file data-v7.cif (mmCIF, C-alpha atoms)
data_my_file
#
loop_
_atom_site.label_atom_id
_atom_site.label_comp_id
_atom_site.auth_asym_id
_atom_site.auth_seq_id
_atom_site.Cartn_x
_atom_site.Cartn_y
_atom_site.Cartn_z
CA MET H 252 0.00 0.00 0.00
CA LYS H 253 1.29 3.45 -0.85
CA ILE H 254 1.00 5.64 2.25
CA THR H 255 -0.50 9.06 1.54
CA LYS H 256 0.28 12.36 3.21
CA GLN H 257 -3.28 12.60 4.55
CA GLU H 258 -3.03 9.15 6.16
CA VAL H 259 0.15 10.19 7.94
CA VAL H 260 -1.46 13.43 9.16
CA VAL H 261 -4.53 11.58 10.46
CA PHE H 262 -2.63 8.80 12.23
CA LYS H 263 0.10 10.98 13.74
CA GLY H 264 -1.95 14.08 14.38
CA VAL H 265 -5.34 12.69 15.43
CA HIS H 266 -5.29 9.10 16.62
CA CYS H 267 -1.86 8.28 18.06
CA ASN H 268 0.28 10.21 20.53
CA GLU H 269 3.59 8.52 19.68
CA ASN H 270 5.23 11.48 17.93
CA CYS H 271 5.15 13.78 20.95
CA LEU H 272 6.45 10.96 23.17
CA VAL H 273 9.31 10.18 20.80
CA ALA H 274 10.20 13.88 20.54
CA ASP H 275 10.30 14.21 24.34
CA ILE H 276 12.58 11.17 24.70
CA LEU H 277 14.93 12.30 21.94
CA ARG H 278 15.15 15.81 23.38
CA GLU H 279 15.59 14.81 27.02
CA ARG H 280 17.72 11.66 26.76
CA PHE H 281 19.53 11.61 23.42
CA SER H 282 19.87 15.12 22.00
CA ARG H 283 23.12 16.09 23.71
CA THR H 284 24.99 13.03 22.45
CA LEU H 285 23.83 12.92 18.82
CA VAL H 286 26.23 14.08 16.12
CA GLN H 287 25.07 16.73 13.63
CA PRO H 288 23.75 16.98 11.02
CA ILE H 289 20.87 14.61 11.69
CA LEU H 290 19.25 12.96 8.67
CA ASP H 291 15.60 12.35 9.64
CA VAL H 292 14.57 9.63 7.18
CA GLY H 293 10.86 9.61 6.35
CA SER H 294 10.38 12.61 8.60
CA GLY H 295 6.82 13.24 7.44
CA LEU H 296 5.36 16.24 9.23
CA GLY H 297 8.77 17.01 10.68
CA ASP H 298 7.30 17.57 14.13
CA ILE H 299 9.51 15.05 15.93
CA SER H 300 12.84 16.61 14.95
CA ALA H 301 11.40 20.11 15.12
CA SER H 302 10.49 19.55 18.76
CA ALA H 303 13.46 17.36 19.73
CA PHE H 304 16.26 19.22 17.94
CA PRO H 305 15.17 22.84 17.30
CA GLU H 306 18.74 24.17 17.54
CA LYS H 307 20.50 21.35 15.70
CA ARG H 308 21.13 20.96 11.99
CA VAL H 309 18.54 18.52 10.67
CA ILE H 310 17.78 17.34 7.14
CA HIS H 311 14.16 16.20 6.78
CA LEU H 312 14.05 13.52 4.10
CA ASP H 313 10.77 12.20 2.70
CA VAL H 314 9.34 10.99 -0.61
CA LEU H 315 6.24 13.12 0.01
CA ASP H 316 6.09 16.92 0.03
CA TYR H 317 5.56 18.29 3.54
CA SER H 318 6.90 21.75 2.76
CA ASN H 319 3.74 23.39 4.11
CA HIS H 320 4.62 22.14 7.60
CA PRO H 321 7.01 24.63 9.26
CA ILE H 322 10.40 23.54 10.57
CA PRO H 323 13.11 25.44 12.51
CA VAL H 324 15.49 27.71 10.62
CA ASN H 325 18.40 25.30 11.19
CA HIS H 326 16.45 22.54 9.46
CA SER H 327 16.05 21.84 5.75
CA ARG H 328 13.89 19.54 3.62
CA GLU H 329 14.84 17.13 0.85
CA LYS H 330 12.22 15.33 -1.26
CA SER H 331 13.80 11.98 -2.07
CA ASP H 332 13.72 8.33 -1.12
CA PHE H 333 16.43 7.12 1.24
CA PHE H 334 18.28 4.95 -1.26
CA SER H 335 18.52 7.75 -3.83
CA TYR H 336 19.55 10.41 -1.33
CA ASP H 337 22.96 11.93 -2.01
CA PRO H 338 24.34 14.28 0.65
CA ALA H 339 26.97 15.51 -1.82
CA ASP H 340 29.96 16.69 0.22
CA GLN H 341 28.03 16.96 3.47
CA ALA H 342 28.97 14.37 6.11
CA ILE H 343 25.98 12.89 7.97
CA GLY H 344 26.44 12.63 11.73
CA THR H 345 23.26 10.77 12.69
CA VAL H 346 20.65 8.81 10.76
CA LEU H 347 17.24 8.86 12.47
CA LEU H 348 14.78 6.14 11.42
CA CYS H 349 11.50 6.67 13.24
CA HIS H 350 8.91 4.03 12.29
CA VAL H 351 10.23 3.76 8.74
CA LEU H 352 12.16 0.48 8.71
CA GLN H 353 9.10 -1.40 7.42
CA PHE H 354 9.42 0.61 4.18
CA LEU H 355 13.18 0.05 3.85
CA ASP H 356 13.85 -3.53 4.99
CA ASP H 357 12.95 -5.53 1.86
CA ASP H 358 16.67 -5.92 1.19
CA ILE H 359 18.68 -5.72 4.41
CA SER H 360 22.01 -5.88 2.58
CA ARG H 361 21.03 -2.86 0.48
CA LEU H 362 19.86 -1.02 3.59
CA ASN H 363 23.11 -1.71 5.42
CA GLU H 364 25.11 -0.67 2.37
CA LYS H 365 23.30 2.68 2.23
CA VAL H 366 24.03 3.36 5.88
CA LYS H 367 27.65 2.33 5.31
CA GLU H 368 27.80 4.78 2.39
CA LEU H 369 26.50 7.63 4.57
CA ASP H 370 28.83 6.52 7.39
CA PRO H 371 27.10 8.29 10.30
CA GLU H 372 28.51 8.18 13.82
CA CYS H 373 25.05 7.37 15.22
CA VAL H 374 21.94 5.52 14.04
CA VAL H 375 18.70 6.00 15.97
CA VAL H 376 15.87 3.53 15.39
CA VAL H 377 12.35 3.94 16.76
CA ASP H 378 10.22 0.83 16.37
CA ASN H 379 7.38 -1.17 17.90
CA ALA H 380 8.09 -3.96 20.37
CA ASN H 381 5.22 -5.98 18.83
CA ASP H 382 4.22 -7.48 22.16
CA TYR H 383 0.82 -7.92 23.83
CA PHE H 384 -2.07 -6.85 21.57
CA MET H 385 0.20 -5.35 18.93
CA GLY H 386 1.89 -8.73 18.60
CA GLU H 387 -1.50 -10.40 18.24
CA LEU H 388 -2.37 -8.01 15.43
CA VAL H 389 0.85 -8.83 13.59
CA GLU H 390 -0.10 -12.50 13.80
CA TRP H 391 -3.67 -11.79 12.63
CA PHE H 392 -2.39 -10.00 9.54
CA ALA H 393 0.15 -12.74 8.86
CA SER H 394 -2.77 -15.17 8.64
CA ASN H 395 -5.20 -12.91 6.79
CA SER H 396 -3.23 -10.69 4.40
CA LYS H 397 -0.32 -11.66 2.17
CA ASP H 398 0.27 -7.96 1.50
CA ALA H 399 0.70 -6.90 5.12
CA ASN H 400 3.99 -5.17 5.82
CA PRO H 401 4.19 -4.66 9.58
CA GLU H 402 7.11 -3.11 11.39
CA VAL H 403 9.32 -5.93 12.69
CA ASN H 404 12.62 -6.20 14.48
CA VAL H 405 15.60 -6.30 12.10
CA PRO H 406 18.50 -7.84 14.08
CA GLU H 407 20.91 -7.59 11.13
CA PHE H 408 20.59 -3.80 11.09
CA PRO H 409 22.55 -1.60 11.42
CA ALA H 410 25.64 -3.63 10.51
CA GLY H 411 28.85 -2.25 11.99
CA TYR H 412 27.07 -0.52 14.87
CA VAL H 413 26.54 -1.47 18.51
CA LEU H 414 23.55 -0.69 20.71
CA SER H 415 24.54 2.09 23.08
CA GLU H 416 21.24 3.02 24.73
CA GLU H 417 17.59 1.98 24.62
CA THR H 418 14.51 3.67 26.06
CA ARG H 419 11.10 2.00 26.12
CA PHE H 420 7.79 3.82 26.23
CA THR H 421 4.10 3.21 25.62
CA ALA H 422 2.02 5.12 23.08
CA ARG H 423 -1.72 4.83 22.58
CA LEU H 424 -3.84 4.48 19.46
CA GLU H 425 -7.36 5.73 20.15
CA CYS H 426 -10.31 6.11 17.75
CA LYS H 427 -13.98 7.06 17.94
CA ASP H 428 -15.22 3.63 16.82
CA PHE H 429 -14.00 0.21 15.72
CA PRO H 430 -14.27 0.80 11.94
CA THR H 431 -11.98 3.82 12.33
CA LEU H 432 -9.62 1.79 14.48
CA ALA H 433 -9.51 -0.89 11.78
CA GLU H 434 -8.46 1.76 9.24
CA GLN H 435 -5.64 2.94 11.49
CA VAL H 436 -4.49 -0.62 12.15
CA CYS H 437 -4.26 -1.13 8.38
CA PHE H 438 -2.10 2.01 8.25
CA LEU H 439 0.17 0.43 10.86
CA MET H 440 0.40 -2.75 8.81
CA ASP H 441 0.93 -0.86 5.54
CA CYS H 442 -1.83 -2.68 3.70
CA ALA H 443 -5.35 -2.28 2.39
CA LEU H 444 -7.79 -5.11 3.07
CA PRO H 445 -10.64 -6.21 0.78
CA VAL H 446 -14.08 -5.30 2.13
CA ALA H 447 -14.79 -8.76 3.53
CA LYS H 448 -11.44 -8.99 5.29
CA HIS H 449 -11.82 -5.44 6.59
CA GLN H 450 -15.13 -6.41 8.18
CA MET H 451 -13.42 -9.45 9.71
CA LEU H 452 -10.85 -7.14 11.23
CA VAL H 453 -13.53 -4.86 12.67
CA LYS H 454 -15.25 -7.86 14.26
CA TYR H 455 -11.92 -9.15 15.60
CA LEU H 456 -11.17 -5.78 17.20
CA GLU H 457 -14.64 -5.64 18.74
CA ARG H 458 -14.15 -9.09 20.28
CA GLN H 459 -10.69 -8.41 21.64
CA LEU H 460 -11.05 -4.86 22.93
CA ASP H 461 -13.49 -3.13 25.29
CA THR H 462 -12.97 0.23 23.57
CA PRO H 463 -11.56 1.23 20.15
CA SER H 464 -8.08 1.84 21.53
CA PHE H 465 -4.98 -0.03 22.63
CA ALA H 466 -1.45 0.55 23.89
CA ILE H 467 1.61 0.22 21.65
CA ASN H 468 4.91 -0.53 23.37
CA GLU H 469 7.76 1.11 21.49
CA ARG H 470 11.53 1.56 21.70
CA VAL H 471 14.05 4.29 20.94
CA LYS H 472 17.42 2.65 20.24
CA LEU H 473 20.72 4.47 19.82
CA PHE H 474 23.47 2.66 17.92
CA ARG H 475 27.04 3.94 17.66
CA ARG H 476 29.61 3.07 15.02
CA GLN H 477 31.72 0.11 16.07
CA ARG H 478 35.33 1.07 16.61
#

call {"tool": "encode", "arguments": {"input": "data-v7.cif", "output": "C-alpha cells"}}
result
Amino acid sequence: MKITKQEVVVFKGVHCNENCLVADILRERFSRTLVQPILDVGSGLGDISASAFPEKRVIHLDVLDYSNHPIPVNHSREKSDFFSYDPADQAIGTVLLCHVLQFLDDDISRLNEKVKELDPECVVVVDNANDYFMGELVEWFASNSKDANPEVNVPEFPAGYVLSEETRFTARLECKDFPTLAEQVCFLMDCALPVAKHQMLVKYLERQLDTPSFAINERVKLFRRQR
C-alpha cells in the first residue's frame, strides 16, 4: 500500500500520541549526544525533529512533500527516497529512522550498504516492540493478508554498529469507533484489506477490545559506530 500524506497526518496528528512521546525522549535523553547533522529519514510532518532538535542541523528527508509544515530555521527539507539520497559533500552525523524500517527492509544488505555509504557516527531507530495486543495483530495479519507489511525487528541492522542506549515507552492508538480503528491498524500494517477482510478485522477488534483503543509498546534505540 502506498501511504498518503493525509493518512500520515490523520494517524500521527489525530489518533496516536507517539510522535510527541518520541520527541520528548529524543530531546531529554539523546539530543546532547547525537552528532550533527541529523538525517531524519521519512520525517513526514517534521514535528519530531522540530520539537526534539530545534537548535541542531537537521535534514528532513521524505518521498512526500511536507513543505507546508514549518520547521526550525536550522532545518532543511529534501524530497527523495532514502536509497537515492545523495548528501553531496556533506557528512551525515546521525541517521534517524522513526517508524520507517518497514518501508526500507525488503533488502537488508542494500539497507546496510546505504548506511555504510552515509557513514554516520550514530543511528537511531524507533520501532514497535510488537508485544501484547500489537503482537497479536501482527499474527492476525500474517494469517489474513499476504500484502501486510508490519514493522518488525531487524537484528541484522545496522551492521557495523553497537547498541549504546535503549529507552522504552508506551504510546496509545485511540479512535472514535472500531471501523476507524480498523483503518488505522491497516495504516500500521501498511496494507489495504478487501471489504470482507476489513469487516473481519472490525469484528476481531470488537471481540478483543473493550474500547476502540490499545497501547503500543515502542523503543528508541541508539546505535554507535563500532570502533

call {"tool": "closest_residue", "arguments": {"input": "data-v7.cif", "among": "H:Cys442, H:Cys349, H:Ala303, H:Val376", "to": "Arg278 (chain H)", "atoms": "only C-alpha atoms"}}
result
H:Ala303

call {"tool": "closest_residue", "arguments": {"input": "data-v7.cif", "among": "H:Asn319, H:Leu362, H:Leu460, H:Val324", "to": "Val405 (chain H)", "atoms": "all atoms listed in the file"}}
result
H:Leu362

call {"tool": "residues_around", "arguments": {"input": "data-v7.cif", "residues": "Phe438 (chain H)", "least_positions_apart": "4", "cutoff": "12 Å", "atoms": "all atoms listed in the file", "output": "PDB file with C-alpha atoms, in the frame of the given file"}}
result
ATOM      1  CA  MET H 252       0.000   0.000   0.000  1.00  0.00           C
ATOM      2  CA  LYS H 253       1.290   3.450  -0.850  1.00  0.00           C
ATOM      3  CA  ILE H 254       1.000   5.640   2.250  1.00  0.00           C
ATOM      4  CA  THR H 255      -0.500   9.060   1.540  1.00  0.00           C
ATOM      5  CA  LYS H 256       0.280  12.360   3.210  1.00  0.00           C
ATOM      6  CA  GLN H 257      -3.280  12.600   4.550  1.00  0.00           C
ATOM      7  CA  GLU H 258      -3.030   9.150   6.160  1.00  0.00           C
ATOM      8  CA  VAL H 259       0.150  10.190   7.940  1.00  0.00           C
ATOM      9  CA  VAL H 260      -1.460  13.430   9.160  1.00  0.00           C
ATOM     10  CA  VAL H 261      -4.530  11.580  10.460  1.00  0.00           C
ATOM     11  CA  PHE H 262      -2.630   8.800  12.230  1.00  0.00           C
ATOM     12  CA  LYS H 263       0.100  10.980  13.740  1.00  0.00           C
ATOM     13  CA  HIS H 266      -5.290   9.100  16.620  1.00  0.00           C
ATOM     14  CA  CYS H 267      -1.860   8.280  18.060  1.00  0.00           C
ATOM     15  CA  HIS H 350       8.910   4.030  12.290  1.00  0.00           C
ATOM     16  CA  GLN H 353       9.100  -1.400   7.420  1.00  0.00           C
ATOM     17  CA  ALA H 399       0.700  -6.900   5.120  1.00  0.00           C
ATOM     18  CA  ASN H 400       3.990  -5.170   5.820  1.00  0.00           C
ATOM     19  CA  PRO H 401       4.190  -4.660   9.580  1.00  0.00           C
ATOM     20  CA  GLU H 402       7.110  -3.110  11.390  1.00  0.00           C
ATOM     21  CA  LEU H 424      -3.840   4.480  19.460  1.00  0.00           C
ATOM     22  CA  THR H 431     -11.980   3.820  12.330  1.00  0.00           C
ATOM     23  CA  LEU H 432      -9.620   1.790  14.480  1.00  0.00           C
ATOM     24  CA  ALA H 433      -9.510  -0.890  11.780  1.00  0.00           C
ATOM     25  CA  GLU H 434      -8.460   1.760   9.240  1.00  0.00           C
ATOM     26  CA  CYS H 442      -1.830  -2.680   3.700  1.00  0.00           C
ATOM     27  CA  ALA H 443      -5.350  -2.280   2.390  1.00  0.00           C
ATOM     28  CA  LEU H 444      -7.790  -5.110   3.070  1.00  0.00           C
TER      29      LEU H 444
END

call {"tool": "residues_around", "arguments": {"input": "data-v7.cif", "residues": "Ala466 (chain H)", "least_positions_apart": "2", "cutoff": "9 Å", "atoms": "only C-alpha atoms", "output": "VMD selection string"}}
result
chain H and resid 383 to 385 421 to 425 464 468

call {"tool": "residues_near_point", "arguments": {"input": "data-v7.cif", "point": "(9.3, 10.8, -1.0)", "cutoff": "10 Å", "atoms": "all atoms listed in the file", "output": "PyMOL selection string"}}
result
chain H and resi 292-295+312-317+329-333

call {"tool": "atom_distance", "arguments": {"input": "data-v7.cif", "atom1": "CA of Ala301 (chain H)", "atom2": "CA of Gln435 (chain H)"}}
result
24.5 Å

call {"tool": "closest_residue", "arguments": {"input": "data-v7.cif", "among": "H:Arg280, H:His449, H:Lys367, H:Arg361", "to": "Arg476 (chain H)", "atoms": "only C-alpha atoms"}}
result
H:Lys367
